[in-house]
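Colleague: One structure is given below, represented as structure tokens, and several questions about it will come after.
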Amino acid sequence: MNLALDFSFYNWDLIQNFILKGLMFSVTLTVVATLGGIFFGTLLALMRLSGKQWLIVPATVYVNGMRSIPLVMVILWFFLLVPLVIGRPIGAELSAVITFVAFEAAYFSEIMRAGIQSIPRGQVFAGQALGMTYGQNMRLVVLPQAFRNMLPVLLTQTIILFQDTSLVYAIGAYDMLKGFEVAGKNYGRPMEAYIAAAVIYFIICFALSWLVKRLHKKIAIIR
């Protein structure tokens, strides 16, 4: 068995035709899932902190339920079952976007809940003393501070999310890993393709992790 590796087939045309398309989808999915996850995750966090059982119970069931199921299972269930319900396919890419937003909302919810609870109660009481409503207090006093406190954790979760985008491979979506796989098959070098994919994932995630550490230090200085 010949284990000699040959990466000479990599060139700009290959990268442009196979890799960049997948990378763009992976980045787009990460950004959309992060923004959507933070938005819906914040709503879930506020529901769980509202003190109203009719809001707490469904939000808790959703968050705990999503966090108890592997992401790849959620991706497969949504991709296979939703077309049966609505009577038509929705495509691998759209299915991946909806699934990631719904799944990540549960994780961002816990991050935001911890961030909101980290704000001293005195800040909340001060807002109430000024005559602010619950919504105004959250929007103007609590959430801005919570976002700043949780920014490193939110970005770390985003890096994990980027790594998880490779799971859309299970439903045939054309992400970065799929691009490397197609390139490897076309050039008869699957092993080199998977090694190159692992290296690129490592470089991107390591660089982002380093930036998050720098940001965390700056936020600590501001505090």
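Note on naming: chains are A, B, ... as they come in the structure tokens, residues start from 1 per chain, ligands start from 1 in the order shown.
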Using only C-alpha atoms, which residues sit within 6 Å of range 108-123 of chain A once same-chain residues fewer than 4 positions away are excluded, as a list in words?
Modeller: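 Here the qualifying residues turn out to be Ile38, Gly41, Thr42, Leu44, Ala45, Ala146 and Met150 of chain A.
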Colleague: Give me a file of those residues, with N, CA and C atoms, as a PDB file, in the first residue's frame.
Modeller:
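The new file out-v2.pdb reads:
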ATOM      1  N   ILE A  38     -28.169  34.001  18.720  1.00  0.00           N
ATOM      2  CA  ILE A  38     -28.113  35.009  19.779  1.00  0.00           C
ATOM      3  C   ILE A  38     -29.467  35.683  19.946  1.00  0.00           C
ATOM      4  N   GLY A  41     -31.848  33.019  21.240  1.00  0.00           N
ATOM      5  CA  GLY A  41     -31.324  32.609  22.529  1.00  0.00           C
ATOM      6  C   GLY A  41     -31.580  33.651  23.607  1.00  0.00           C
ATOM      7  N   THR A  42     -31.475  34.922  23.241  1.00  0.00           N
ATOM      8  CA  THR A  42     -31.770  36.001  24.190  1.00  0.00           C
ATOM      9  C   THR A  42     -33.239  35.979  24.587  1.00  0.00           C
ATOM     10  N   LEU A  44     -35.181  33.352  24.595  1.00  0.00           N
ATOM     11  CA  LEU A  44     -35.361  32.193  25.474  1.00  0.00           C
ATOM     12  C   LEU A  44     -34.846  32.482  26.882  1.00  0.00           C
ATOM     13  N   ALA A  45     -33.704  33.172  26.952  1.00  0.00           N
ATOM     14  CA  ALA A  45     -33.142  33.515  28.265  1.00  0.00           C
ATOM     15  C   ALA A  45     -34.081  34.436  29.036  1.00  0.00           C
ATOM     16  N   ALA A 146     -24.470  42.690  29.770  1.00  0.00           N
ATOM     17  CA  ALA A 146     -24.391  41.234  29.647  1.00  0.00           C
ATOM     18  C   ALA A 146     -23.666  40.837  28.370  1.00  0.00           C
ATOM     19  N   MET A 150     -20.254  38.667  28.233  1.00  0.00           N
ATOM     20  CA  MET A 150     -20.330  37.345  27.610  1.00  0.00           C
ATOM     21  C   MET A 150     -19.686  37.303  26.227  1.00  0.00           C
TER      22      MET A 150
END
Colleague: Excluding same-chain residues fewer than 3 positions from Met176 in chain A, what lies within 8 Å of it counting only C-alpha atoms, as a VMD selection string?
Modeller: chain A and resid 19 to 26 166 179 to 180 197
Colleague: Taking 6 positions as the minimum chain separation for residues in the same chain, which residues sit within 12 Å of Lys185 in chain A when counting only C-alpha atoms? Answer as number ranges by chain.
Modeller: A: 9, 18, 178-179, 191-194
Colleague: Could you jot down the CA of Asn17 in chain A to CA of Val97 in chain A separation for me, Å, one decimal place?
Modeller: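 Separation between CA of Asn17 in chain A and CA of Val97 in chain A: 22.8 Å.
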Colleague: At what distance in Å, to one decimal, does CA of Leu29 in chain A lie from CA of Phe7 in chain A?
Modeller: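 We find that CA of Phe7 in chain A and CA of Leu29 in chain A lie 28.4 Å from each other.
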Colleague: List the neighbours of Arg139 in chain A out to 12 Å using only C-alpha atoms; skip same-chain residues closer than 4 positions along the sequence, and give me the result as a PyMOL selection string.
Modeller: chain A and resi 42-43+46+116+124+127+132-135+143-147
Colleague: Residues of the last selection are to be written out with N, CA, C and O atoms, as a tab-separated table (two decimals), in the first residue's frame.
Modeller:
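Printed below is result_21.tsv as written:
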chain	number	residue	atom	x	y	z
A	42	THR	N	-31.48	34.92	23.24
A	42	THR	CA	-31.77	36.00	24.19
A	42	THR	C	-33.24	35.98	24.59
A	42	THR	O	-33.58	36.16	25.76
A	43	LEU	N	-34.12	35.75	23.59
A	43	LEU	CA	-35.55	35.65	23.90
A	43	LEU	C	-35.83	34.49	24.85
A	43	LEU	O	-36.60	34.63	25.81
A	46	LEU	N	-34.64	35.42	28.34
A	46	LEU	CA	-35.58	36.35	29.00
A	46	LEU	C	-36.84	35.61	29.44
A	46	LEU	O	-37.40	35.93	30.51
A	116	ILE	N	-26.83	37.68	31.90
A	116	ILE	CA	-27.82	38.54	32.54
A	116	ILE	C	-27.76	38.40	34.06
A	116	ILE	O	-27.81	39.39	34.80
A	124	VAL	N	-30.19	46.68	38.26
A	124	VAL	CA	-31.61	46.51	37.94
A	124	VAL	C	-32.46	47.43	38.82
A	124	VAL	O	-33.38	48.10	38.34
A	127	GLY	N	-32.35	50.99	37.68
A	127	GLY	CA	-33.22	51.24	36.53
A	127	GLY	C	-34.68	51.35	36.95
A	127	GLY	O	-35.42	52.21	36.46
A	132	MET	N	-38.02	52.93	34.89
A	132	MET	CA	-37.96	52.11	33.68
A	132	MET	C	-38.87	50.89	33.81
A	132	MET	O	-39.01	50.32	34.89
A	133	THR	N	-39.45	50.50	32.68
A	133	THR	CA	-40.21	49.25	32.64
A	133	THR	C	-39.22	48.08	32.58
A	133	THR	O	-38.02	48.27	32.39
A	134	TYR	N	-39.76	46.86	32.68
A	134	TYR	CA	-38.91	45.66	32.60
A	134	TYR	C	-38.18	45.63	31.26
A	134	TYR	O	-36.97	45.35	31.21
A	135	GLY	N	-38.91	45.91	30.18
A	135	GLY	CA	-38.30	45.88	28.85
A	135	GLY	C	-37.22	46.94	28.69
A	135	GLY	O	-36.16	46.68	28.14
A	143	LEU	N	-28.90	44.18	29.27
A	143	LEU	CA	-28.38	43.47	28.10
A	143	LEU	C	-27.07	44.04	27.54
A	143	LEU	O	-26.19	43.27	27.17
A	144	PRO	N	-26.91	45.36	27.45
A	144	PRO	CA	-25.60	45.87	26.96
A	144	PRO	C	-24.43	45.39	27.81
A	144	PRO	O	-23.38	45.02	27.27
A	145	GLN	N	-24.59	45.39	29.14
A	145	GLN	CA	-23.52	44.92	30.02
A	145	GLN	C	-23.34	43.40	29.91
A	145	GLN	O	-22.22	42.90	29.94
A	146	ALA	N	-24.47	42.69	29.77
A	146	ALA	CA	-24.39	41.23	29.65
A	146	ALA	C	-23.67	40.84	28.37
A	146	ALA	O	-22.83	39.92	28.38
A	147	PHE	N	-23.96	41.53	27.26
A	147	PHE	CA	-23.28	41.23	26.00
A	147	PHE	C	-21.78	41.48	26.11
A	147	PHE	O	-20.99	40.69	25.59
Colleague: Could you tell me how far CA of Ile171 in chain A sits from CA of Trp77 in chain A, in Å to one decimal place?
Modeller: 10.2 Å
Colleague: Considering only C-alpha atoms, can you say which of A:Val101, A:Ile86, A:Leu155, A:Met138 comes closest to Ala33 in chain A?
Modeller: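 Ranking A:Val101, A:Ile86, A:Leu155, A:Met138 by distance to Ala33 in chain A, first place goes to A:Val101.
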